[in-house]
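Here the structure is laid out as structure tokens; the discussion comes afterwards.
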Amino acid sequence: MTPKFYLDIKANAIDSETPAYAVLGKAVHVLHGAFSQSDHIGKFAICFPASRQGAGKRTIGDVIRIFASSSMELLMLLDSLKGHHVIRDYTTFTMPKEVPDDFSGSWSVWRRVRVQKKVGVNREKTIIRATSAIFVDMHSSTGHSFPLRILRDAVEKQGNEAKPNSYGLASSENLFSLPDII
């Protein structure tokens with residue numbers, strides 16, 4: 001996948017008890033299910049352009065940006081999702097836009113951070129990284145909830161082919177960058 005096209009999905013607050021970031025978490029869960037389907041594996045990458053991370057206030061924001069190699073892939077994804085009640089009732093989305101060929105802005109790697117369960121140096125390192133990560137609350141197929149921690153690192157553009165995981169994120173085995181389009 002090459003990030004040539006993108007669209008935004010904006011989460012809308014349901015009510016005062018269900019803010020936009022909670023809806024965004026539900027939308028990430030829906031996207032994870034779609035990205036896990038055999039015809040979608042590795043085709044879509046996501047980022048959170050309205051997020052803030054760091055030692056101060058961390059927030060996931062209210063927008064998911066989805067990248068793909070073509071506008072047709074994005075339209076087919078939207079078509080497969082538009083009947084889902086979370087997407088249909090609680091989000092709005094833009095039509096696909098092209099990433100300019102001469103984009104000269106900043107680039108970022110968006111990757112999942114997992115805290116190691118075993119005690120040791122790796123656990124301490126991942127805990128330190130996780131404290132500055134943004135997150136969404138997820139629910140596994142077995143009903144367990146967990147925070148999907150996402151770390152954004154500013155980088156130079158990386159020309160390698162993007163192979164997003166089932167969340168649409170980079171992994172330690174495959175780092176790739178996405179343009180920070182404003």
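The way I read the labels, and the way they are meant: chains A, B, ... in the order of the structure tokens, residue 1 as the first residue of every chain, and ligand 1 as the first ligand shown, with later ones counted on from there.
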
Assign secondary structure with DSSP using the backbone only, and return the residues of chain A in helix (DSSP H, G or I) as a PDB file with N, CA and C atoms, in the first residue's frame.
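Final output, states-v2.pdb:
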ATOM      1  N   ALA A  20     -17.237  12.371  21.664  1.00  0.00           N
ATOM      2  CA  ALA A  20     -16.738  11.994  20.341  1.00  0.00           C
ATOM      3  C   ALA A  20     -15.606  10.976  20.420  1.00  0.00           C
ATOM      4  N   TYR A  21     -14.704  11.109  21.400  1.00  0.00           N
ATOM      5  CA  TYR A  21     -13.585  10.157  21.466  1.00  0.00           C
ATOM      6  C   TYR A  21     -14.069   8.739  21.763  1.00  0.00           C
ATOM      7  N   ALA A  22     -15.187   8.589  22.483  1.00  0.00           N
ATOM      8  CA  ALA A  22     -15.745   7.261  22.738  1.00  0.00           C
ATOM      9  C   ALA A  22     -16.326   6.679  21.446  1.00  0.00           C
ATOM     10  N   VAL A  23     -16.973   7.521  20.652  1.00  0.00           N
ATOM     11  CA  VAL A  23     -17.487   7.086  19.358  1.00  0.00           C
ATOM     12  C   VAL A  23     -16.318   6.704  18.452  1.00  0.00           C
ATOM     13  N   LEU A  24     -15.234   7.477  18.530  1.00  0.00           N
ATOM     14  CA  LEU A  24     -14.055   7.183  17.720  1.00  0.00           C
ATOM     15  C   LEU A  24     -13.512   5.790  18.048  1.00  0.00           C
ATOM     16  N   GLY A  25     -13.498   5.431  19.324  1.00  0.00           N
ATOM     17  CA  GLY A  25     -13.068   4.093  19.712  1.00  0.00           C
ATOM     18  C   GLY A  25     -13.937   3.019  19.096  1.00  0.00           C
ATOM     19  N   LYS A  26     -15.246   3.253  19.059  1.00  0.00           N
ATOM     20  CA  LYS A  26     -16.161   2.297  18.435  1.00  0.00           C
ATOM     21  C   LYS A  26     -15.891   2.202  16.924  1.00  0.00           C
ATOM     22  N   ALA A  27     -15.594   3.348  16.312  1.00  0.00           N
ATOM     23  CA  ALA A  27     -15.293   3.353  14.877  1.00  0.00           C
ATOM     24  C   ALA A  27     -13.990   2.610  14.587  1.00  0.00           C
ATOM     25  N   VAL A  28     -12.984   2.745  15.446  1.00  0.00           N
ATOM     26  CA  VAL A  28     -11.731   2.006  15.278  1.00  0.00           C
ATOM     27  C   VAL A  28     -12.009   0.507  15.354  1.00  0.00           C
ATOM     28  N   HIS A  29     -12.879   0.107  16.258  1.00  0.00           N
ATOM     29  CA  HIS A  29     -13.249  -1.310  16.374  1.00  0.00           C
ATOM     30  C   HIS A  29     -13.903  -1.806  15.074  1.00  0.00           C
ATOM     31  N   VAL A  30     -14.788  -1.014  14.506  1.00  0.00           N
ATOM     32  CA  VAL A  30     -15.448  -1.375  13.252  1.00  0.00           C
ATOM     33  C   VAL A  30     -14.410  -1.476  12.132  1.00  0.00           C
ATOM     34  N   LEU A  31     -13.494  -0.500  12.073  1.00  0.00           N
ATOM     35  CA  LEU A  31     -12.457  -0.527  11.040  1.00  0.00           C
ATOM     36  C   LEU A  31     -11.538  -1.736  11.200  1.00  0.00           C
ATOM     37  N   HIS A  32     -11.195  -2.073  12.431  1.00  0.00           N
ATOM     38  CA  HIS A  32     -10.350  -3.240  12.685  1.00  0.00           C
ATOM     39  C   HIS A  32     -11.013  -4.498  12.112  1.00  0.00           C
ATOM     40  N   GLY A  33     -12.311  -4.623  12.304  1.00  0.00           N
ATOM     41  CA  GLY A  33     -13.028  -5.762  11.736  1.00  0.00           C
ATOM     42  C   GLY A  33     -12.966  -5.765  10.214  1.00  0.00           C
ATOM     43  N   ALA A  34     -13.117  -4.598   9.611  1.00  0.00           N
ATOM     44  CA  ALA A  34     -13.056  -4.501   8.149  1.00  0.00           C
ATOM     45  C   ALA A  34     -11.648  -4.766   7.638  1.00  0.00           C
ATOM     46  N   PHE A  35     -10.647  -4.201   8.306  1.00  0.00           N
ATOM     47  CA  PHE A  35      -9.253  -4.370   7.871  1.00  0.00           C
ATOM     48  C   PHE A  35      -8.779  -5.808   8.024  1.00  0.00           C
ATOM     49  N   SER A  71      -8.380   5.899  -4.695  1.00  0.00           N
ATOM     50  CA  SER A  71      -9.659   6.418  -4.204  1.00  0.00           C
ATOM     51  C   SER A  71     -10.733   5.336  -4.299  1.00  0.00           C
ATOM     52  N   MET A  72     -10.612   4.446  -5.283  1.00  0.00           N
ATOM     53  CA  MET A  72     -11.587   3.364  -5.446  1.00  0.00           C
ATOM     54  C   MET A  72     -11.571   2.441  -4.233  1.00  0.00           C
ATOM     55  N   GLU A  73     -10.392   2.137  -3.699  1.00  0.00           N
ATOM     56  CA  GLU A  73     -10.310   1.288  -2.506  1.00  0.00           C
ATOM     57  C   GLU A  73     -11.014   1.951  -1.324  1.00  0.00           C
ATOM     58  N   LEU A  74     -10.835   3.250  -1.174  1.00  0.00           N
ATOM     59  CA  LEU A  74     -11.493   3.975  -0.082  1.00  0.00           C
ATOM     60  C   LEU A  74     -13.008   3.980  -0.261  1.00  0.00           C
ATOM     61  N   LEU A  75     -13.472   4.189  -1.488  1.00  0.00           N
ATOM     62  CA  LEU A  75     -14.916   4.177  -1.746  1.00  0.00           C
ATOM     63  C   LEU A  75     -15.522   2.795  -1.497  1.00  0.00           C
ATOM     64  N   MET A  76     -14.792   1.742  -1.864  1.00  0.00           N
ATOM     65  CA  MET A  76     -15.276   0.385  -1.615  1.00  0.00           C
ATOM     66  C   MET A  76     -15.318   0.092  -0.118  1.00  0.00           C
ATOM     67  N   LEU A  77     -14.336   0.600   0.630  1.00  0.00           N
ATOM     68  CA  LEU A  77     -14.340   0.435   2.084  1.00  0.00           C
ATOM     69  C   LEU A  77     -15.555   1.141   2.682  1.00  0.00           C
ATOM     70  N   LEU A  78     -15.780   2.396   2.281  1.00  0.00           N
ATOM     71  CA  LEU A  78     -16.942   3.134   2.793  1.00  0.00           C
ATOM     72  C   LEU A  78     -18.244   2.418   2.462  1.00  0.00           C
ATOM     73  N   ASP A  79     -18.324   1.890   1.259  1.00  0.00           N
ATOM     74  CA  ASP A  79     -19.530   1.176   0.857  1.00  0.00           C
ATOM     75  C   ASP A  79     -19.781  -0.034   1.754  1.00  0.00           C
ATOM     76  N   SER A  80     -18.693  -0.721   2.137  1.00  0.00           N
ATOM     77  CA  SER A  80     -18.851  -1.897   3.002  1.00  0.00           C
ATOM     78  C   SER A  80     -19.176  -1.521   4.449  1.00  0.00           C
ATOM     79  N   LEU A  81     -18.867  -0.275   4.841  1.00  0.00           N
ATOM     80  CA  LEU A  81     -19.086   0.153   6.226  1.00  0.00           C
ATOM     81  C   LEU A  81     -20.358   0.959   6.447  1.00  0.00           C
ATOM     82  N   HIS A  85     -24.149   0.552  12.130  1.00  0.00           N
ATOM     83  CA  HIS A  85     -24.824   1.620  12.874  1.00  0.00           C
ATOM     84  C   HIS A  85     -23.857   2.659  13.442  1.00  0.00           C
ATOM     85  N   VAL A  86     -22.663   2.290  13.841  1.00  0.00           N
ATOM     86  CA  VAL A  86     -21.712   3.288  14.378  1.00  0.00           C
ATOM     87  C   VAL A  86     -21.317   4.260  13.278  1.00  0.00           C
ATOM     88  N   ILE A  87     -20.958   3.735  12.132  1.00  0.00           N
ATOM     89  CA  ILE A  87     -20.533   4.581  11.008  1.00  0.00           C
ATOM     90  C   ILE A  87     -21.718   5.390  10.472  1.00  0.00           C
ATOM     91  N   ARG A  88     -22.837   4.740  10.295  1.00  0.00           N
ATOM     92  CA  ARG A  88     -24.027   5.384   9.725  1.00  0.00           C
ATOM     93  C   ARG A  88     -24.595   6.472  10.632  1.00  0.00           C
ATOM     94  N   ASP A  89     -24.708   6.191  11.940  1.00  0.00           N
ATOM     95  CA  ASP A  89     -25.434   7.085  12.838  1.00  0.00           C
ATOM     96  C   ASP A  89     -24.565   8.094  13.579  1.00  0.00           C
ATOM     97  N   TYR A  90     -23.284   7.805  13.761  1.00  0.00           N
ATOM     98  CA  TYR A  90     -22.482   8.640  14.660  1.00  0.00           C
ATOM     99  C   TYR A  90     -21.227   9.227  14.042  1.00  0.00           C
ATOM    100  N   VAL A 121      13.614  -5.313  31.555  1.00  0.00           N
ATOM    101  CA  VAL A 121      13.979  -4.065  30.889  1.00  0.00           C
ATOM    102  C   VAL A 121      12.975  -3.708  29.802  1.00  0.00           C
ATOM    103  N   ASN A 122      12.543  -4.676  28.990  1.00  0.00           N
ATOM    104  CA  ASN A 122      11.585  -4.391  27.923  1.00  0.00           C
ATOM    105  C   ASN A 122      10.264  -3.878  28.476  1.00  0.00           C
ATOM    106  N   ARG A 123       9.808  -4.418  29.592  1.00  0.00           N
ATOM    107  CA  ARG A 123       8.564  -3.948  30.209  1.00  0.00           C
ATOM    108  C   ARG A 123       8.707  -2.496  30.637  1.00  0.00           C
ATOM    109  N   GLU A 124       9.818  -2.158  31.252  1.00  0.00           N
ATOM    110  CA  GLU A 124      10.032  -0.776  31.688  1.00  0.00           C
ATOM    111  C   GLU A 124      10.069   0.182  30.501  1.00  0.00           C
ATOM    112  N   LYS A 125      10.718  -0.211  29.417  1.00  0.00           N
ATOM    113  CA  LYS A 125      10.782   0.634  28.223  1.00  0.00           C
ATOM    114  C   LYS A 125       9.401   0.841  27.620  1.00  0.00           C
ATOM    115  N   THR A 126       8.622  -0.241  27.530  1.00  0.00           N
ATOM    116  CA  THR A 126       7.300  -0.101  26.933  1.00  0.00           C
ATOM    117  C   THR A 126       6.356   0.698  27.824  1.00  0.00           C
ATOM    118  N   ILE A 127       6.529   0.594  29.127  1.00  0.00           N
ATOM    119  CA  ILE A 127       5.700   1.408  30.027  1.00  0.00           C
ATOM    120  C   ILE A 127       6.014   2.886  29.830  1.00  0.00           C
ATOM    121  N   ILE A 128       7.280   3.227  29.689  1.00  0.00           N
ATOM    122  CA  ILE A 128       7.674   4.625  29.461  1.00  0.00           C
ATOM    123  C   ILE A 128       7.083   5.129  28.149  1.00  0.00           C
ATOM    124  N   ARG A 129       7.179   4.328  27.078  1.00  0.00           N
ATOM    125  CA  ARG A 129       6.604   4.735  25.789  1.00  0.00           C
ATOM    126  C   ARG A 129       5.089   4.860  25.885  1.00  0.00           C
ATOM    127  N   ALA A 130       4.461   3.941  26.587  1.00  0.00           N
ATOM    128  CA  ALA A 130       2.999   3.929  26.678  1.00  0.00           C
ATOM    129  C   ALA A 130       2.446   5.126  27.431  1.00  0.00           C
ATOM    130  N   THR A 131       3.231   5.706  28.333  1.00  0.00           N
ATOM    131  CA  THR A 131       2.728   6.844  29.101  1.00  0.00           C
ATOM    132  C   THR A 131       2.522   8.081  28.239  1.00  0.00           C
TER     133      THR A 131
END

*Do a neighbour search on segment 99-105 of chain A at 10 Å with only C-alpha atoms, toss out local chain neighbours closer than 6 positions, and write the hits as a PyMOL selection string.*
chain A and resi 3-6+67+156-157+179-182

Computed gap from atom CA of Met1 of chain A to atom CA of Phe44 of chain A is 7.2 Å

Using only C-alpha atoms, the best pick from A:Arg52, A:Pro164, A:Ile14, A:Ile9 as closest to His40 of chain A would be A:Pro164

Expressed in Å, the length from atom CA of Ser171 of chain A to atom CA of Ala50 of chain A is 21.5 Å

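Counting from atom CA of Trp110 of chain A, the distance to atom CA of Tyr167 of chain A is 10.5 Å.
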